[in-house]
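The structure appears right after this line, and notes come after that.
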Amino acid sequence: MKAVISLGANIGNPEEQMQLAIAMLCEATDVVALSSIYTTKPVGGPEQPNYLNAICITESDLPAADLLALLHGIEKTLGRERIERWGPRTIDLDLIQYGTILSSAQELELPHPRAHERKFVLEPWFEIEPDAILLTHGKISELLEQLQ
Ligand code: PH2
Ligand code: MG
Ligand code: MG
């Protein structure tokens with residue numbers, strides 16, 4: 001199944017953390033596409049530094065909970081501390097969409113409930129998969145257009 005994963009970092013050494021997270025994703029999963037790295041203004045949360053953001057698409061057969069655990073493991077390895085919602089972070093790996101799974105579980109909502117309104121997710125995703133459909137909201141090209 002195709003997994004769309006978003007990466008973000010804005011404290012510590014964001015460039016290095018992004019590269020390490022990408023390397024770990026390549027090691028642990030079958031990465032099929034990787035976007036450029038974008039510099040983006042923080043959305044929500046306290047005043048904080050700009051982010052680096054990217055999207056990675058991988059092929060995986062793992063159950064969603066196991067894939068999520070893998071992402072959390074990478075975050076932990078790279079020193080992620082969970083202090084404040086939408087606060088600054090050394091690395092954030094979010095599962096945006098996984099195959100055609102729809103889930104409203106609190107531990108893992110799929111597709112990601114805010115993906116449709118986040119340019120920092122849609123723009124890099126569009127770069128590597130322009131025809132992509134966000135299962136809950138439709139064509140990402142149109143969602144992105146609405147945000148411009
Ligand atoms: N992540 C957030 C909150 N705000 N803003 C940007 N630009 N990039 C992010 O990755 C980001 C954010 C919560 O995960
Ligand atoms: Mg996030
Ligand atoms: Mg997250």
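Within each chain, counting starts at residue 1; across the structure tokens, chains are named A, B, ... in the order shown, with ligands numbered 1 upward in that order.
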Leaving out Cys56 (chain A) and any residue of its chain fewer than 5 positions from it, which residues lie within 10 Å of it when counting only C-alpha atoms, given as a VMD selection string? chain A and resid 3 to 7 22 25 to 26 31 to 36 93 95 124 to 125 128
Since we have the selection now, will you write its residues out, keeping N, CA, C and O atoms, as a compact mmCIF listing (two decimals), in the first residue's frame?
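Printed below is again.txt as written:
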```txt
# COMPACT_ATOMS: atom_id res chain seq x y z
N ALA A 3 1.97 4.76 1.20
CA ALA A 3 1.88 5.62 2.39
C ALA A 3 2.45 6.98 2.06
O ALA A 3 3.54 7.10 1.49
N VAL A 4 1.68 8.01 2.38
CA VAL A 4 2.14 9.39 2.19
C VAL A 4 2.53 9.93 3.56
O VAL A 4 1.70 10.00 4.47
N ILE A 5 3.81 10.27 3.69
CA ILE A 5 4.34 10.68 4.99
C ILE A 5 4.85 12.11 4.89
O ILE A 5 5.60 12.44 3.95
N SER A 6 4.45 12.96 5.83
CA SER A 6 4.99 14.32 5.82
C SER A 6 6.09 14.44 6.87
O SER A 6 6.01 13.84 7.95
N LEU A 7 7.11 15.20 6.52
CA LEU A 7 8.23 15.43 7.44
C LEU A 7 8.30 16.92 7.74
O LEU A 7 8.11 17.75 6.84
N ILE A 22 14.96 10.96 6.56
CA ILE A 22 14.80 10.40 5.22
C ILE A 22 15.64 9.12 5.07
O ILE A 22 15.17 8.11 4.55
N LEU A 25 13.91 6.37 6.89
CA LEU A 25 12.72 5.90 6.15
C LEU A 25 13.15 5.01 4.99
O LEU A 25 12.52 3.99 4.71
N CYS A 26 14.22 5.38 4.32
CA CYS A 26 14.72 4.58 3.19
C CYS A 26 15.19 3.21 3.68
O CYS A 26 15.01 2.20 2.99
N VAL A 31 10.95 3.42 -0.12
CA VAL A 31 10.63 4.78 -0.54
C VAL A 31 10.55 4.85 -2.06
O VAL A 31 11.48 4.45 -2.74
N VAL A 32 9.43 5.35 -2.58
CA VAL A 32 9.27 5.43 -4.03
C VAL A 32 9.36 6.86 -4.56
O VAL A 32 9.62 7.07 -5.74
N ALA A 33 9.14 7.84 -3.71
CA ALA A 33 9.27 9.24 -4.15
C ALA A 33 9.52 10.15 -2.96
O ALA A 33 9.04 9.90 -1.85
N LEU A 34 10.31 11.17 -3.24
CA LEU A 34 10.67 12.12 -2.19
C LEU A 34 10.62 13.52 -2.80
O LEU A 34 11.18 13.75 -3.86
N SER A 35 9.94 14.43 -2.11
CA SER A 35 9.84 15.80 -2.63
C SER A 35 11.11 16.58 -2.32
O SER A 35 11.97 16.12 -1.57
N SER A 36 11.18 17.79 -2.85
CA SER A 36 12.20 18.73 -2.40
C SER A 36 11.90 19.10 -0.95
O SER A 36 10.81 18.83 -0.45
N LEU A 93 7.00 13.32 11.99
CA LEU A 93 6.67 12.45 10.86
C LEU A 93 5.20 12.10 10.97
O LEU A 93 4.80 11.43 11.93
N LEU A 95 1.68 10.50 9.26
CA LEU A 95 1.08 9.67 8.23
C LEU A 95 -0.14 10.44 7.70
O LEU A 95 -1.10 10.70 8.43
N PRO A 124 4.44 20.06 -1.37
CA PRO A 124 5.43 19.02 -1.70
C PRO A 124 4.79 17.73 -2.21
O PRO A 124 5.37 17.04 -3.06
N TRP A 125 3.60 17.40 -1.73
CA TRP A 125 2.91 16.20 -2.23
C TRP A 125 2.59 16.37 -3.71
O TRP A 125 2.84 15.48 -4.53
N ILE A 128 5.40 15.65 -6.22
CA ILE A 128 5.78 14.27 -6.57
C ILE A 128 4.60 13.42 -7.04
O ILE A 128 4.79 12.36 -7.62
```
Residue neighbourhood Ile37 (chain A), 7 Å, only C-alpha atoms, exclusion window fewer than 2 positions, as a list in words: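 Everything that qualifies: Ser35, Thr39, Leu52, Asn53 and Ala54 of chain A.
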Dump as a CSV table (one decimal), in the first residue's frame, selection limited to C-alpha atoms:
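For reference, selection_22.csv as written:
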```
chain,number,residue,atom,x,y,z
A,35,SER,CA,9.8,15.8,-2.6
A,39,THR,CA,11.0,26.3,3.9
A,52,LEU,CA,11.6,22.6,6.8
A,53,ASN,CA,8.9,20.4,5.2
A,54,ALA,CA,8.9,17.5,2.7
```
Which residues are close to region 66-79 of chain A, i.e. within 7 Å by only C-alpha atoms, leaving aside same-chain residues fewer than 6 positions away? Reply as a list of chain:residue names. A:Gln17, A:Ala21, A:Thr90, A:Ile91, A:Asp92, A:Leu93
Give me the residues of chain A that have any atom at most 8 Å from an atom of ligand 1; for each, the nearest atom pair and the distance in Å, rounded to one decimal. Use only C-alpha atoms and all ligand atoms, sort by chain and number, and format it as CSV.
```
residue,atom,partner,partner_atom_place_in_ligand_line,distance
A:Ser6,CA,ligand 1,10 (O),7.7
A:Leu7,CA,ligand 1,10 (O),6.7
A:Gly8,CA,ligand 1,10 (O),4.2
A:Ala9,CA,ligand 1,10 (O),6.5
A:Thr39,CA,ligand 1,7 (N),7.7
A:Thr40,CA,ligand 1,7 (N),4.6
A:Lys41,CA,ligand 1,7 (N),4.6
A:Pro42,CA,ligand 1,5 (N),3.6
A:Val43,CA,ligand 1,5 (N),3.9
A:Gly44,CA,ligand 1,4 (N),5.4
A:Gly45,CA,ligand 1,3 (C),6.4
A:Asn50,CA,ligand 1,7 (N),6.4
A:Tyr51,CA,ligand 1,7 (N),5.1
A:Leu52,CA,ligand 1,8 (N),6.9
A:Asn53,CA,ligand 1,10 (O),5.8
A:Arg85,CA,ligand 1,13 (C),7.1
A:Trp86,CA,ligand 1,3 (C),4.2
A:Gly87,CA,ligand 1,3 (C),6.7
A:Pro88,CA,ligand 1,3 (C),7.8
A:Asp92,CA,ligand 1,14 (O),6.4
A:Asp94,CA,ligand 1,14 (O),7.6
A:Phe120,CA,ligand 1,7 (N),5.8
A:Val121,CA,ligand 1,10 (O),7.7
```
Could you check which of A:Pro49, A:Asp30, A:Glu15, A:Leu108 is closest to ligand 3, using only C-alpha atoms and all ligand atoms?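 Distance minimum relative to ligand 3 lands on A:Leu108.
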DSSP alpha helix (DSSP H) residues within chain A, as a PyMOL selection string: chain A and resi 14-28+64-77+119-128+140-147
Just-selected residues, N, CA and C atoms written as a short mmCIF file (atom, residue, chain, number, x, y, z; two decimals), in the first residue's frame:
```
data_model
loop_
_atom_site.label_atom_id
_atom_site.label_comp_id
_atom_site.auth_asym_id
_atom_site.auth_seq_id
_atom_site.Cartn_x
_atom_site.Cartn_y
_atom_site.Cartn_z
N PRO A 14 17.57 21.45 11.78
CA PRO A 14 16.47 20.91 10.97
C PRO A 14 16.95 20.21 9.70
N GLU A 15 17.93 20.80 9.02
CA GLU A 15 18.44 20.22 7.78
C GLU A 15 18.94 18.79 8.03
N GLU A 16 19.77 18.68 9.08
CA GLU A 16 20.36 17.37 9.39
C GLU A 16 19.29 16.37 9.84
N GLN A 17 18.36 16.83 10.68
CA GLN A 17 17.30 15.92 11.15
C GLN A 17 16.43 15.43 10.00
N MET A 18 16.15 16.32 9.04
CA MET A 18 15.36 15.89 7.87
C MET A 18 16.13 14.82 7.09
N GLN A 19 17.43 15.06 6.88
CA GLN A 19 18.21 14.10 6.09
C GLN A 19 18.30 12.75 6.81
N LEU A 20 18.48 12.79 8.14
CA LEU A 20 18.55 11.54 8.90
C LEU A 20 17.22 10.80 8.87
N ALA A 21 16.12 11.56 9.02
CA ALA A 21 14.80 10.92 8.99
C ALA A 21 14.56 10.26 7.63
N ILE A 22 14.96 10.96 6.56
CA ILE A 22 14.80 10.40 5.22
C ILE A 22 15.64 9.12 5.07
N ALA A 23 16.86 9.17 5.58
CA ALA A 23 17.73 7.99 5.50
C ALA A 23 17.10 6.82 6.26
N MET A 24 16.53 7.10 7.42
CA MET A 24 15.91 6.02 8.22
C MET A 24 14.66 5.48 7.54
N LEU A 25 13.91 6.37 6.89
CA LEU A 25 12.72 5.90 6.15
C LEU A 25 13.15 5.01 4.99
N CYS A 26 14.22 5.38 4.32
CA CYS A 26 14.72 4.58 3.19
C CYS A 26 15.19 3.21 3.68
N GLU A 27 15.79 3.20 4.87
CA GLU A 27 16.29 1.96 5.46
C GLU A 27 15.13 1.02 5.82
N ALA A 28 14.07 1.61 6.39
CA ALA A 28 13.01 0.80 6.99
C ALA A 28 11.85 0.51 6.05
N ALA A 64 -1.31 -0.32 9.78
CA ALA A 64 -1.15 1.11 10.01
C ALA A 64 -0.52 1.41 11.37
N ALA A 65 -0.94 0.66 12.40
CA ALA A 65 -0.41 0.93 13.74
C ALA A 65 1.10 0.68 13.79
N ASP A 66 1.55 -0.33 13.04
CA ASP A 66 2.99 -0.65 13.03
C ASP A 66 3.77 0.42 12.26
N LEU A 67 3.19 0.89 11.17
CA LEU A 67 3.86 1.95 10.41
C LEU A 67 3.95 3.21 11.28
N LEU A 68 2.88 3.51 12.01
CA LEU A 68 2.89 4.67 12.90
C LEU A 68 3.97 4.50 13.98
N ALA A 69 4.07 3.29 14.52
CA ALA A 69 5.08 3.03 15.56
C ALA A 69 6.49 3.23 14.99
N LEU A 70 6.67 2.82 13.73
CA LEU A 70 7.96 3.02 13.08
C LEU A 70 8.28 4.52 12.98
N LEU A 71 7.29 5.31 12.61
CA LEU A 71 7.51 6.77 12.49
C LEU A 71 7.82 7.36 13.85
N HIS A 72 7.10 6.93 14.87
CA HIS A 72 7.36 7.43 16.22
C HIS A 72 8.76 7.03 16.70
N GLY A 73 9.20 5.83 16.30
CA GLY A 73 10.54 5.36 16.66
C GLY A 73 11.61 6.26 16.07
N ILE A 74 11.41 6.66 14.80
CA ILE A 74 12.38 7.56 14.15
C ILE A 74 12.37 8.91 14.85
N GLU A 75 11.19 9.41 15.18
CA GLU A 75 11.09 10.70 15.90
C GLU A 75 11.85 10.63 17.22
N LYS A 76 11.69 9.52 17.91
CA LYS A 76 12.34 9.37 19.22
C LYS A 76 13.85 9.31 19.06
N THR A 77 14.31 8.54 18.08
CA THR A 77 15.74 8.43 17.82
C THR A 77 16.36 9.80 17.55
N LYS A 119 -0.83 23.93 3.30
CA LYS A 119 -0.02 24.10 2.10
C LYS A 119 1.32 23.38 2.25
N PHE A 120 1.84 23.35 3.49
CA PHE A 120 3.15 22.71 3.69
C PHE A 120 3.09 21.19 3.50
N VAL A 121 1.88 20.63 3.43
CA VAL A 121 1.69 19.22 3.08
C VAL A 121 1.36 19.08 1.59
N LEU A 122 0.41 19.89 1.13
CA LEU A 122 -0.10 19.72 -0.24
C LEU A 122 0.93 20.11 -1.31
N GLU A 123 1.72 21.14 -1.04
CA GLU A 123 2.66 21.62 -2.06
C GLU A 123 3.74 20.58 -2.38
N PRO A 124 4.44 20.06 -1.37
CA PRO A 124 5.43 19.02 -1.70
C PRO A 124 4.79 17.73 -2.21
N TRP A 125 3.60 17.40 -1.73
CA TRP A 125 2.91 16.20 -2.23
C TRP A 125 2.59 16.37 -3.71
N PHE A 126 2.07 17.54 -4.08
CA PHE A 126 1.73 17.83 -5.48
C PHE A 126 2.97 17.72 -6.37
N GLU A 127 4.10 18.13 -5.83
CA GLU A 127 5.35 18.07 -6.61
C GLU A 127 5.64 16.64 -7.08
N ILE A 128 5.40 15.65 -6.22
CA ILE A 128 5.78 14.27 -6.57
C ILE A 128 4.60 13.42 -7.04
N ILE A 140 -5.75 16.89 -4.83
CA ILE A 140 -4.90 17.83 -4.10
C ILE A 140 -4.58 19.07 -4.95
N SER A 141 -4.60 18.93 -6.28
CA SER A 141 -4.34 20.09 -7.14
C SER A 141 -5.40 21.16 -6.87
N GLU A 142 -6.65 20.74 -6.71
CA GLU A 142 -7.73 21.71 -6.47
C GLU A 142 -7.67 22.28 -5.06
N LEU A 143 -7.31 21.44 -4.11
CA LEU A 143 -7.19 21.91 -2.72
C LEU A 143 -6.10 22.98 -2.64
N LEU A 144 -5.01 22.71 -3.35
CA LEU A 144 -3.88 23.63 -3.33
C LEU A 144 -4.27 24.96 -3.99
N GLU A 145 -5.00 24.87 -5.07
CA GLU A 145 -5.46 26.08 -5.77
C GLU A 145 -6.32 26.94 -4.84
N GLN A 146 -7.17 26.29 -4.07
CA GLN A 146 -8.05 27.03 -3.15
C GLN A 146 -7.25 27.75 -2.06
N LEU A 147 -6.05 27.23 -1.78
CA LEU A 147 -5.24 27.83 -0.71
C LEU A 147 -4.38 29.00 -1.21
#
```
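In terms of minimum interatomic distance to Ser104 (chain A), A:Thr136 ranks closest within A:Arg89, A:Pro130, A:Thr136, A:Ile11, counting only C-alpha atoms.
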Please measure the separation of CA of Pro63 (chain A) and CA of Glu84 (chain A), giving the value in Å to one decimal. 28.0 Å
If you run DSSP over the backbone, which residues in region 29-145 of chain A end up strand (DSSP E or B)? Put them as a compact mmCIF listing (two decimals) with all heavy atoms, in the first residue's frame.
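File selection.txt, as written:
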```txt
# COMPACT_ATOMS: atom_id res chain seq x y z
N ASP A 30 10.12 1.03 1.73
CA ASP A 30 10.45 1.07 0.32
C ASP A 30 10.04 2.44 -0.23
O ASP A 30 8.92 2.62 -0.71
CB ASP A 30 9.65 -0.07 -0.35
CG ASP A 30 10.01 -0.24 -1.80
OD1 ASP A 30 10.92 0.47 -2.29
OD2 ASP A 30 9.36 -1.07 -2.46
N VAL A 31 10.95 3.42 -0.12
CA VAL A 31 10.63 4.78 -0.54
C VAL A 31 10.55 4.85 -2.06
O VAL A 31 11.48 4.45 -2.74
CB VAL A 31 11.68 5.78 -0.01
CG1 VAL A 31 11.45 7.17 -0.60
CG2 VAL A 31 11.62 5.85 1.52
N VAL A 32 9.43 5.35 -2.58
CA VAL A 32 9.27 5.43 -4.03
C VAL A 32 9.36 6.86 -4.56
O VAL A 32 9.62 7.07 -5.74
CB VAL A 32 7.95 4.77 -4.53
CG1 VAL A 32 8.00 3.27 -4.30
CG2 VAL A 32 6.74 5.36 -3.85
N ALA A 33 9.14 7.84 -3.71
CA ALA A 33 9.27 9.24 -4.15
C ALA A 33 9.52 10.15 -2.96
O ALA A 33 9.04 9.90 -1.85
CB ALA A 33 8.00 9.69 -4.88
N LEU A 34 10.31 11.17 -3.24
CA LEU A 34 10.67 12.12 -2.19
C LEU A 34 10.62 13.52 -2.80
O LEU A 34 11.18 13.75 -3.86
CB LEU A 34 12.09 11.79 -1.73
CG LEU A 34 12.66 12.58 -0.57
CD1 LEU A 34 11.85 12.34 0.69
CD2 LEU A 34 14.11 12.14 -0.34
N TYR A 38 11.09 22.09 1.53
CA TYR A 38 10.53 23.44 1.47
C TYR A 38 10.75 24.16 2.79
O TYR A 38 10.62 23.56 3.85
CB TYR A 38 9.01 23.37 1.21
CG TYR A 38 8.65 22.83 -0.15
CD1 TYR A 38 8.85 21.49 -0.48
CD2 TYR A 38 8.09 23.66 -1.11
CE1 TYR A 38 8.52 20.99 -1.73
CE2 TYR A 38 7.73 23.16 -2.37
CZ TYR A 38 7.96 21.83 -2.67
OH TYR A 38 7.63 21.35 -3.91
N THR A 39 11.03 25.46 2.71
CA THR A 39 11.04 26.29 3.90
C THR A 39 9.67 26.94 4.02
O THR A 39 9.20 27.55 3.06
CB THR A 39 12.13 27.37 3.80
OG1 THR A 39 13.39 26.70 3.63
CG2 THR A 39 12.19 28.22 5.06
N THR A 40 9.01 26.77 5.18
CA THR A 40 7.63 27.23 5.32
C THR A 40 7.44 28.03 6.61
O THR A 40 8.15 27.81 7.59
CB THR A 40 6.66 26.04 5.34
OG1 THR A 40 6.91 25.25 6.51
CG2 THR A 40 6.82 25.15 4.12
N TYR A 51 9.81 26.34 9.38
CA TYR A 51 9.98 24.89 9.27
C TYR A 51 10.68 24.50 7.98
O TYR A 51 10.61 25.23 6.98
CB TYR A 51 8.61 24.20 9.24
CG TYR A 51 7.97 23.97 10.58
CD1 TYR A 51 7.35 25.01 11.26
CD2 TYR A 51 7.97 22.71 11.17
CE1 TYR A 51 6.73 24.79 12.49
CE2 TYR A 51 7.36 22.48 12.39
CZ TYR A 51 6.74 23.52 13.05
OH TYR A 51 6.14 23.31 14.26
N LEU A 52 11.28 23.35 7.98
CA LEU A 52 11.58 22.63 6.75
C LEU A 52 10.50 21.55 6.65
O LEU A 52 10.19 20.90 7.65
CB LEU A 52 12.96 21.98 6.80
CG LEU A 52 14.15 22.94 6.87
CD1 LEU A 52 15.45 22.15 6.82
CD2 LEU A 52 14.10 23.97 5.74
N ASN A 53 9.92 21.40 5.47
CA ASN A 53 8.89 20.38 5.25
C ASN A 53 9.16 19.62 3.96
O ASN A 53 9.72 20.18 3.00
CB ASN A 53 7.50 21.02 5.16
CG ASN A 53 6.91 21.38 6.51
OD1 ASN A 53 6.69 22.55 6.82
ND2 ASN A 53 6.65 20.40 7.34
N ALA A 54 8.75 18.36 3.95
CA ALA A 54 8.86 17.55 2.74
C ALA A 54 7.82 16.45 2.81
O ALA A 54 7.21 16.22 3.86
CB ALA A 54 10.26 16.93 2.64
N ILE A 55 7.62 15.77 1.69
CA ILE A 55 6.73 14.61 1.64
C ILE A 55 7.51 13.43 1.05
O ILE A 55 8.28 13.59 0.09
CB ILE A 55 5.49 14.87 0.76
CG1 ILE A 55 4.55 15.87 1.43
CG2 ILE A 55 4.77 13.57 0.42
CD1 ILE A 55 3.59 15.31 2.45
N CYS A 56 7.27 12.28 1.66
CA CYS A 56 7.90 11.04 1.21
C CYS A 56 6.78 10.03 0.94
O CYS A 56 5.86 9.91 1.75
CB CYS A 56 8.80 10.57 2.35
SG CYS A 56 9.49 8.96 2.11
N ILE A 57 6.86 9.35 -0.18
CA ILE A 57 5.88 8.30 -0.47
C ILE A 57 6.60 6.96 -0.42
O ILE A 57 7.64 6.79 -1.05
CB ILE A 57 5.21 8.52 -1.84
CG1 ILE A 57 4.40 9.82 -1.81
CG2 ILE A 57 4.31 7.34 -2.20
CD1 ILE A 57 3.67 10.14 -3.10
N THR A 58 6.06 6.05 0.37
CA THR A 58 6.68 4.73 0.48
C THR A 58 5.63 3.65 0.21
O THR A 58 4.44 3.88 0.34
CB THR A 58 7.30 4.47 1.87
OG1 THR A 58 6.26 4.10 2.77
CG2 THR A 58 7.99 5.68 2.43
N GLU A 59 6.12 2.48 -0.14
CA GLU A 59 5.28 1.30 -0.28
C GLU A 59 5.48 0.47 0.97
O GLU A 59 6.62 0.19 1.37
CB GLU A 59 5.71 0.47 -1.49
CG GLU A 59 5.06 0.86 -2.79
CD GLU A 59 3.54 0.67 -2.80
OE1 GLU A 59 3.05 -0.31 -2.19
OE2 GLU A 59 2.85 1.50 -3.41
N ASP A 92 9.09 15.82 12.96
CA ASP A 92 7.70 15.38 13.03
C ASP A 92 7.44 14.54 11.79
O ASP A 92 7.67 15.00 10.67
CB ASP A 92 6.80 16.62 13.05
CG ASP A 92 5.32 16.29 13.16
OD1 ASP A 92 4.96 15.28 13.79
OD2 ASP A 92 4.50 17.09 12.64
N LEU A 93 7.00 13.32 11.99
CA LEU A 93 6.67 12.45 10.86
C LEU A 93 5.20 12.10 10.97
O LEU A 93 4.80 11.43 11.93
CB LEU A 93 7.52 11.17 10.90
CG LEU A 93 9.02 11.34 10.78
CD1 LEU A 93 9.73 10.00 10.96
CD2 LEU A 93 9.39 11.94 9.43
N ASP A 94 4.39 12.59 10.05
CA ASP A 94 2.96 12.35 10.10
C ASP A 94 2.51 11.47 8.94
O ASP A 94 2.93 11.70 7.79
CB ASP A 94 2.18 13.67 10.04
CG ASP A 94 2.31 14.49 11.31
OD1 ASP A 94 2.62 13.89 12.37
OD2 ASP A 94 2.10 15.71 11.25
N LEU A 95 1.68 10.50 9.26
CA LEU A 95 1.08 9.67 8.23
C LEU A 95 -0.14 10.44 7.70
O LEU A 95 -1.10 10.70 8.43
CB LEU A 95 0.69 8.32 8.83
CG LEU A 95 0.33 7.17 7.91
CD1 LEU A 95 1.35 7.00 6.79
CD2 LEU A 95 0.20 5.89 8.71
N ILE A 96 -0.05 10.84 6.45
CA ILE A 96 -1.09 11.67 5.84
C ILE A 96 -2.20 10.81 5.24
O ILE A 96 -3.39 11.10 5.39
CB ILE A 96 -0.48 12.58 4.74
CG1 ILE A 96 0.61 13.49 5.34
CG2 ILE A 96 -1.55 13.39 4.03
CD1 ILE A 96 0.13 14.44 6.40
N GLN A 97 -1.78 9.75 4.56
CA GLN A 97 -2.75 8.85 3.93
C GLN A 97 -2.06 7.50 3.75
O GLN A 97 -0.87 7.46 3.46
CB GLN A 97 -3.18 9.44 2.58
CG GLN A 97 -4.21 8.65 1.82
CD GLN A 97 -4.97 9.52 0.82
OE1 GLN A 97 -5.86 10.28 1.19
NE2 GLN A 97 -4.63 9.41 -0.45
N TYR A 98 -2.84 6.42 3.94
CA TYR A 98 -2.25 5.09 3.81
C TYR A 98 -3.21 4.21 3.02
O TYR A 98 -4.26 3.82 3.54
CB TYR A 98 -1.99 4.52 5.21
CG TYR A 98 -1.11 3.28 5.23
CD1 TYR A 98 -0.25 2.99 4.18
CD2 TYR A 98 -1.12 2.41 6.32
CE1 TYR A 98 0.56 1.86 4.21
CE2 TYR A 98 -0.32 1.29 6.36
CZ TYR A 98 0.52 1.02 5.30
OH TYR A 98 1.33 -0.10 5.33
N SER A 103 -9.81 6.06 8.92
CA SER A 103 -9.82 5.77 10.35
C SER A 103 -10.10 7.04 11.14
O SER A 103 -9.53 8.09 10.86
CB SER A 103 -8.47 5.19 10.77
OG SER A 103 -8.34 5.23 12.18
N SER A 104 -10.97 6.91 12.13
CA SER A 104 -11.22 8.06 13.00
C SER A 104 -10.73 7.76 14.40
O SER A 104 -11.11 8.43 15.35
CB SER A 104 -12.70 8.42 13.00
OG SER A 104 -13.45 7.28 13.33
N GLU A 109 -5.74 9.12 13.01
CA GLU A 109 -6.80 9.49 12.08
C GLU A 109 -6.25 9.42 10.67
O GLU A 109 -5.18 9.98 10.38
CB GLU A 109 -7.29 10.92 12.35
CG GLU A 109 -8.39 10.99 13.40
CD GLU A 109 -8.98 12.39 13.48
OE1 GLU A 109 -9.63 12.83 12.51
OE2 GLU A 109 -8.78 13.04 14.52
N LEU A 110 -6.97 8.76 9.81
CA LEU A 110 -6.56 8.64 8.40
C LEU A 110 -7.74 8.92 7.49
O LEU A 110 -8.83 8.40 7.77
CB LEU A 110 -6.01 7.24 8.12
CG LEU A 110 -4.60 6.96 8.60
CD1 LEU A 110 -4.25 5.50 8.45
CD2 LEU A 110 -3.59 7.84 7.87
N ILE A 133 -5.17 12.08 -4.94
CA ILE A 133 -6.49 12.36 -4.37
C ILE A 133 -6.40 12.17 -2.86
O ILE A 133 -5.97 11.11 -2.40
CB ILE A 133 -7.53 11.35 -4.90
CG1 ILE A 133 -7.51 11.27 -6.42
CG2 ILE A 133 -8.91 11.64 -4.30
CD1 ILE A 133 -8.52 12.07 -7.13
N LEU A 134 -6.79 13.19 -2.13
CA LEU A 134 -6.92 13.04 -0.69
C LEU A 134 -8.31 12.42 -0.46
O LEU A 134 -9.32 13.02 -0.85
CB LEU A 134 -6.79 14.41 -0.01
CG LEU A 134 -6.87 14.46 1.51
CD1 LEU A 134 -5.73 13.67 2.17
CD2 LEU A 134 -6.84 15.92 1.98
N GLY A 138 -10.68 15.10 -1.94
CA GLY A 138 -10.56 15.17 -3.39
C GLY A 138 -9.17 15.53 -3.90
O GLY A 138 -8.18 15.39 -3.19
N LYS A 139 -9.12 16.00 -5.13
CA LYS A 139 -7.85 16.25 -5.83
C LYS A 139 -6.99 17.25 -5.08
O LYS A 139 -7.45 18.37 -4.80
CB LYS A 139 -8.13 16.82 -7.23
CG LYS A 139 -8.76 15.86 -8.19
CD LYS A 139 -8.87 16.53 -9.57
CE LYS A 139 -9.59 15.59 -10.53
NZ LYS A 139 -9.92 16.24 -11.80
```
Separating atom 1 (Mg, counted along the ligand's line) of ligand 2 from CA of Arg82 (chain A), to the nearest tenth of an Å, is a gap of 11.3 Å
Would you pick out the contacts of Thr100 (chain A) at 9 Å or less, using only C-alpha atoms, so that residues sharing its chain but fewer than 6 positions from it are not included, and give the list as number ranges by chain? A: 1-2, 110-111, 135
